[in-house]
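Please read the structure below before turning to the comments.
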Amino acid sequence: MPIFIRAMCWIFCCGLVVFALGCAQPQPAPDTRAVDEAAIRKAEADWSNAAATKQASAMTAFYDEAGSAFPPNAPIATGKDAVGKMWESLFALPAFSVHWETSNVVVARSGDLGYSEGIYESTVNDPKGNPSTDRGKYVVVWKKQADGSWKALADIFNSDLSAQPPPK
């Protein structure tokens, strides 16, 4: 077989291999949404239980380093220090307590972000010392951490009660 034909066969074969490799589809990452959803639901339950300790450090442990809390009638708290101070101010309210229940969790197909939503109930004593209960809803955006855990990136909650007029 002449050299020219061998060279052409070699070039054709190499071209065919390159073409075949270029057509190969990358395998998608495994779908871990069910496992991730369960992990977020567990984190939500643990976080709600941690509120009973009335320790800001226990609450901030559930936030991403750059996480933010969006409390009603207050400025945004961004970063663990600011979020911790927000929780300290809530825990300082007379007879304050809070718990919440998750109703829905959605995780992105990419597996790096998700969100949860649900309802909360909090109690605090009014100025006369009588318990006052608030019910509302929340949404938390969750971010998967390098170690596989989930931390709150954005935490927003607001009341179902009617807005009160400002004091005179």
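By order in the structure tokens, chains are A, B, ...; within a chain, residues start at 1; ligands start at 1, following the order shown.
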
Note to self: Could you list, as an MDAnalysis selection string, every residue within 10 Å of region 93-104 of chain A, counting only C-alpha atoms and ignoring same-chain residues fewer than 4 positions away?
What the structure shows: chainID A and resid 37 40:42 44:45 47:54 88:89 115:127 129:139

Next, write the just-selected residues to a file, as a compact mmCIF listing (two decimals), in the first residue's frame, keeping N, CA and C atoms as the atom set.
```txt
# COMPACT_ATOMS: atom_id res chain seq x y z
N GLU A 37 -33.69 17.68 49.31
CA GLU A 37 -34.94 18.16 49.91
C GLU A 37 -35.07 17.65 51.34
N ILE A 40 -32.74 19.59 53.62
CA ILE A 40 -33.25 20.93 53.94
C ILE A 40 -34.39 20.83 54.94
N ARG A 41 -35.29 19.87 54.77
CA ARG A 41 -36.39 19.70 55.73
C ARG A 41 -35.85 19.41 57.12
N LYS A 42 -34.81 18.60 57.21
CA LYS A 42 -34.19 18.30 58.51
C LYS A 42 -33.55 19.55 59.10
N GLU A 44 -34.41 22.62 58.54
CA GLU A 44 -35.52 23.47 58.98
C GLU A 44 -36.02 23.05 60.36
N ALA A 45 -36.26 21.75 60.54
CA ALA A 45 -36.77 21.25 61.82
C ALA A 45 -35.75 21.49 62.94
N TRP A 47 -33.45 23.78 63.02
CA TRP A 47 -33.36 25.22 63.22
C TRP A 47 -34.52 25.71 64.07
N SER A 48 -35.73 25.26 63.78
CA SER A 48 -36.89 25.64 64.58
C SER A 48 -36.72 25.18 66.02
N ASN A 49 -36.21 23.96 66.22
CA ASN A 49 -35.97 23.46 67.57
C ASN A 49 -34.89 24.27 68.28
N ALA A 50 -33.89 24.74 67.53
CA ALA A 50 -32.81 25.54 68.12
C ALA A 50 -33.34 26.87 68.66
N ALA A 51 -34.43 27.37 68.10
CA ALA A 51 -34.99 28.63 68.58
C ALA A 51 -35.39 28.54 70.04
N ALA A 52 -35.75 27.35 70.51
CA ALA A 52 -36.14 27.17 71.91
C ALA A 52 -34.97 27.43 72.86
N THR A 53 -33.74 27.33 72.38
CA THR A 53 -32.57 27.57 73.24
C THR A 53 -32.38 29.05 73.53
N LYS A 54 -32.97 29.91 72.70
CA LYS A 54 -32.83 31.37 72.82
C LYS A 54 -31.36 31.80 72.81
N GLU A 88 -30.53 38.08 68.82
CA GLU A 88 -30.41 38.53 70.22
C GLU A 88 -31.51 39.52 70.57
N SER A 89 -31.82 40.45 69.65
CA SER A 89 -32.86 41.44 69.94
C SER A 89 -34.23 40.76 70.03
N TYR A 115 -35.05 26.27 47.98
CA TYR A 115 -35.79 27.17 48.85
C TYR A 115 -36.83 26.38 49.62
N SER A 116 -37.19 26.93 50.77
CA SER A 116 -38.25 26.35 51.58
C SER A 116 -39.24 27.45 51.91
N GLU A 117 -40.46 27.03 52.18
CA GLU A 117 -41.48 27.98 52.59
C GLU A 117 -42.36 27.30 53.62
N GLY A 118 -42.96 28.13 54.46
CA GLY A 118 -43.82 27.56 55.49
C GLY A 118 -44.47 28.65 56.31
N ILE A 119 -44.92 28.24 57.48
CA ILE A 119 -45.59 29.15 58.40
C ILE A 119 -44.86 29.18 59.73
N TYR A 120 -45.00 30.29 60.43
CA TYR A 120 -44.40 30.40 61.76
C TYR A 120 -45.45 30.92 62.73
N GLU A 121 -45.14 30.73 64.01
CA GLU A 121 -45.93 31.31 65.08
C GLU A 121 -44.95 31.80 66.14
N SER A 122 -45.13 33.04 66.54
CA SER A 122 -44.28 33.59 67.60
C SER A 122 -45.16 34.22 68.67
N THR A 123 -44.62 34.26 69.86
CA THR A 123 -45.33 34.86 70.99
C THR A 123 -44.38 35.79 71.71
N VAL A 124 -44.92 36.89 72.17
CA VAL A 124 -44.18 37.86 72.96
C VAL A 124 -45.20 38.54 73.88
N ASN A 125 -44.75 38.99 75.03
CA ASN A 125 -45.66 39.70 75.92
C ASN A 125 -45.84 41.13 75.43
N ASP A 126 -47.09 41.60 75.46
CA ASP A 126 -47.35 42.99 75.09
C ASP A 126 -46.94 43.91 76.25
N PRO A 127 -47.05 45.23 76.08
CA PRO A 127 -46.62 46.14 77.15
C PRO A 127 -47.31 45.92 78.49
N GLY A 129 -47.95 42.95 79.64
CA GLY A 129 -47.53 41.64 80.13
C GLY A 129 -48.38 40.49 79.66
N ASN A 130 -49.31 40.76 78.76
CA ASN A 130 -50.17 39.71 78.22
C ASN A 130 -49.52 39.09 76.99
N PRO A 131 -49.62 37.77 76.85
CA PRO A 131 -49.04 37.13 75.66
C PRO A 131 -49.76 37.59 74.39
N SER A 132 -48.98 37.87 73.37
CA SER A 132 -49.50 38.26 72.07
C SER A 132 -48.89 37.33 71.04
N THR A 133 -49.74 36.69 70.25
CA THR A 133 -49.28 35.70 69.29
C THR A 133 -49.34 36.27 67.88
N ASP A 134 -48.31 36.01 67.13
CA ASP A 134 -48.23 36.41 65.72
C ASP A 134 -48.09 35.15 64.88
N ARG A 135 -48.79 35.12 63.80
CA ARG A 135 -48.66 34.03 62.83
C ARG A 135 -48.29 34.65 61.48
N GLY A 136 -47.44 33.96 60.76
CA GLY A 136 -47.01 34.49 59.48
C GLY A 136 -46.42 33.42 58.60
N LYS A 137 -45.75 33.88 57.55
CA LYS A 137 -45.15 32.96 56.59
C LYS A 137 -43.70 33.35 56.36
N TYR A 138 -42.97 32.41 55.77
CA TYR A 138 -41.54 32.66 55.52
C TYR A 138 -41.10 31.96 54.24
N VAL A 139 -39.98 32.44 53.72
CA VAL A 139 -39.26 31.79 52.63
C VAL A 139 -37.78 31.85 52.98
```

Notebook entry, point to check: Residues of region 29-133 of chain A in strand (DSSP E) according to DSSP, as a ChimeraX atom specification?
Noted result: /A:63-70,77-78,97-107,113-125,131-133

Selection to disk with N, CA and C atoms, as a CSV table (one decimal), in the first residue's frame:
```csv
chain,number,residue,atom,x,y,z
A,63,TYR,N,-27.0,29.8,59.1
A,63,TYR,CA,-26.9,30.7,58.1
A,63,TYR,C,-25.5,30.6,57.3
A,64,ASP,N,-25.5,30.8,56.1
A,64,ASP,CA,-24.3,30.9,55.3
A,64,ASP,C,-23.5,32.1,55.8
A,65,GLU,N,-22.2,32.1,55.6
A,65,GLU,CA,-21.4,33.2,56.0
A,65,GLU,C,-21.9,34.5,55.5
A,66,ALA,N,-22.4,34.5,54.3
A,66,ALA,CA,-22.9,35.8,53.7
A,66,ALA,C,-24.4,35.9,53.7
A,67,GLY,N,-25.0,35.0,54.6
A,67,GLY,CA,-26.5,35.0,54.7
A,67,GLY,C,-27.1,36.3,55.2
A,68,SER,N,-28.3,36.5,54.8
A,68,SER,CA,-29.1,37.7,55.3
A,68,SER,C,-30.4,37.2,55.9
A,69,ALA,N,-30.9,38.0,56.8
A,69,ALA,CA,-32.2,37.9,57.4
A,69,ALA,C,-33.0,39.1,57.1
A,70,PHE,N,-34.2,39.0,56.7
A,70,PHE,CA,-35.1,40.1,56.3
A,70,PHE,C,-36.3,40.1,57.3
A,77,ALA,N,-30.4,42.2,57.9
A,77,ALA,CA,-29.2,41.9,58.6
A,77,ALA,C,-28.4,40.9,57.8
A,78,THR,N,-27.2,41.3,57.4
A,78,THR,CA,-26.3,40.5,56.5
A,78,THR,C,-25.0,40.1,57.2
A,97,SER,N,-41.0,33.6,72.0
A,97,SER,CA,-40.8,32.2,71.5
A,97,SER,C,-41.2,32.2,70.1
A,98,VAL,N,-40.6,31.3,69.3
A,98,VAL,CA,-41.0,31.1,67.9
A,98,VAL,C,-40.8,29.7,67.5
A,99,HIS,N,-41.6,29.2,66.6
A,99,HIS,CA,-41.4,27.9,66.0
A,99,HIS,C,-42.1,28.0,64.6
A,100,TRP,N,-41.6,27.1,63.7
A,100,TRP,CA,-42.1,27.1,62.4
A,100,TRP,C,-42.2,25.7,61.8
A,101,GLU,N,-43.0,25.6,60.7
A,101,GLU,CA,-43.2,24.4,60.1
A,101,GLU,C,-43.1,24.6,58.6
A,102,THR,N,-42.3,23.7,58.0
A,102,THR,CA,-42.0,23.8,56.5
A,102,THR,C,-43.2,23.1,55.8
A,103,SER,N,-43.7,23.8,54.8
A,103,SER,CA,-44.7,23.2,54.0
A,103,SER,C,-44.2,22.8,52.6
A,104,ASN,N,-43.2,23.4,52.1
A,104,ASN,CA,-42.7,23.1,50.7
A,104,ASN,C,-41.2,23.3,50.7
A,105,VAL,N,-40.5,22.4,50.0
A,105,VAL,CA,-39.1,22.6,49.7
A,105,VAL,C,-38.9,22.2,48.2
A,106,VAL,N,-38.1,23.1,47.5
A,106,VAL,CA,-37.8,22.9,46.1
A,106,VAL,C,-36.2,23.0,46.0
A,107,VAL,N,-35.6,22.1,45.3
A,107,VAL,CA,-34.2,22.1,45.1
A,107,VAL,C,-33.9,22.2,43.6
A,113,LEU,N,-28.7,25.1,45.0
A,113,LEU,CA,-29.6,26.0,45.6
A,113,LEU,C,-31.0,25.4,45.8
A,114,GLY,N,-31.7,25.9,46.8
A,114,GLY,CA,-33.0,25.4,47.0
A,114,GLY,C,-33.8,26.5,47.8
A,115,TYR,N,-35.0,26.3,48.0
A,115,TYR,CA,-35.8,27.2,48.9
A,115,TYR,C,-36.8,26.4,49.6
A,116,SER,N,-37.2,26.9,50.8
A,116,SER,CA,-38.3,26.3,51.6
A,116,SER,C,-39.2,27.4,51.9
A,117,GLU,N,-40.5,27.0,52.2
A,117,GLU,CA,-41.5,28.0,52.6
A,117,GLU,C,-42.4,27.3,53.6
A,118,GLY,N,-43.0,28.1,54.5
A,118,GLY,CA,-43.8,27.6,55.5
A,118,GLY,C,-44.5,28.6,56.3
A,119,ILE,N,-44.9,28.2,57.5
A,119,ILE,CA,-45.6,29.2,58.4
A,119,ILE,C,-44.9,29.2,59.7
A,120,TYR,N,-45.0,30.3,60.4
A,120,TYR,CA,-44.4,30.4,61.8
A,120,TYR,C,-45.4,30.9,62.7
A,121,GLU,N,-45.1,30.7,64.0
A,121,GLU,CA,-45.9,31.3,65.1
A,121,GLU,C,-45.0,31.8,66.1
A,122,SER,N,-45.1,33.0,66.5
A,122,SER,CA,-44.3,33.6,67.6
A,122,SER,C,-45.2,34.2,68.7
A,123,THR,N,-44.6,34.3,69.9
A,123,THR,CA,-45.3,34.9,71.0
A,123,THR,C,-44.4,35.8,71.7
A,124,VAL,N,-44.9,36.9,72.2
A,124,VAL,CA,-44.2,37.9,73.0
A,124,VAL,C,-45.2,38.5,73.9
A,125,ASN,N,-44.8,39.0,75.0
A,125,ASN,CA,-45.7,39.7,75.9
A,125,ASN,C,-45.8,41.1,75.4
A,131,PRO,N,-49.6,37.8,76.8
A,131,PRO,CA,-49.0,37.1,75.7
A,131,PRO,C,-49.8,37.6,74.4
A,132,SER,N,-49.0,37.9,73.4
A,132,SER,CA,-49.5,38.3,72.1
A,132,SER,C,-48.9,37.3,71.0
A,133,THR,N,-49.7,36.7,70.3
A,133,THR,CA,-49.3,35.7,69.3
A,133,THR,C,-49.3,36.3,67.9
```

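When only C-alpha atoms are used to compute distances to Ser159 (chain A), the closest of the residues A:Ala29, A:Lys80, A:Lys143, A:Pro71 turns out to be A:Pro71.
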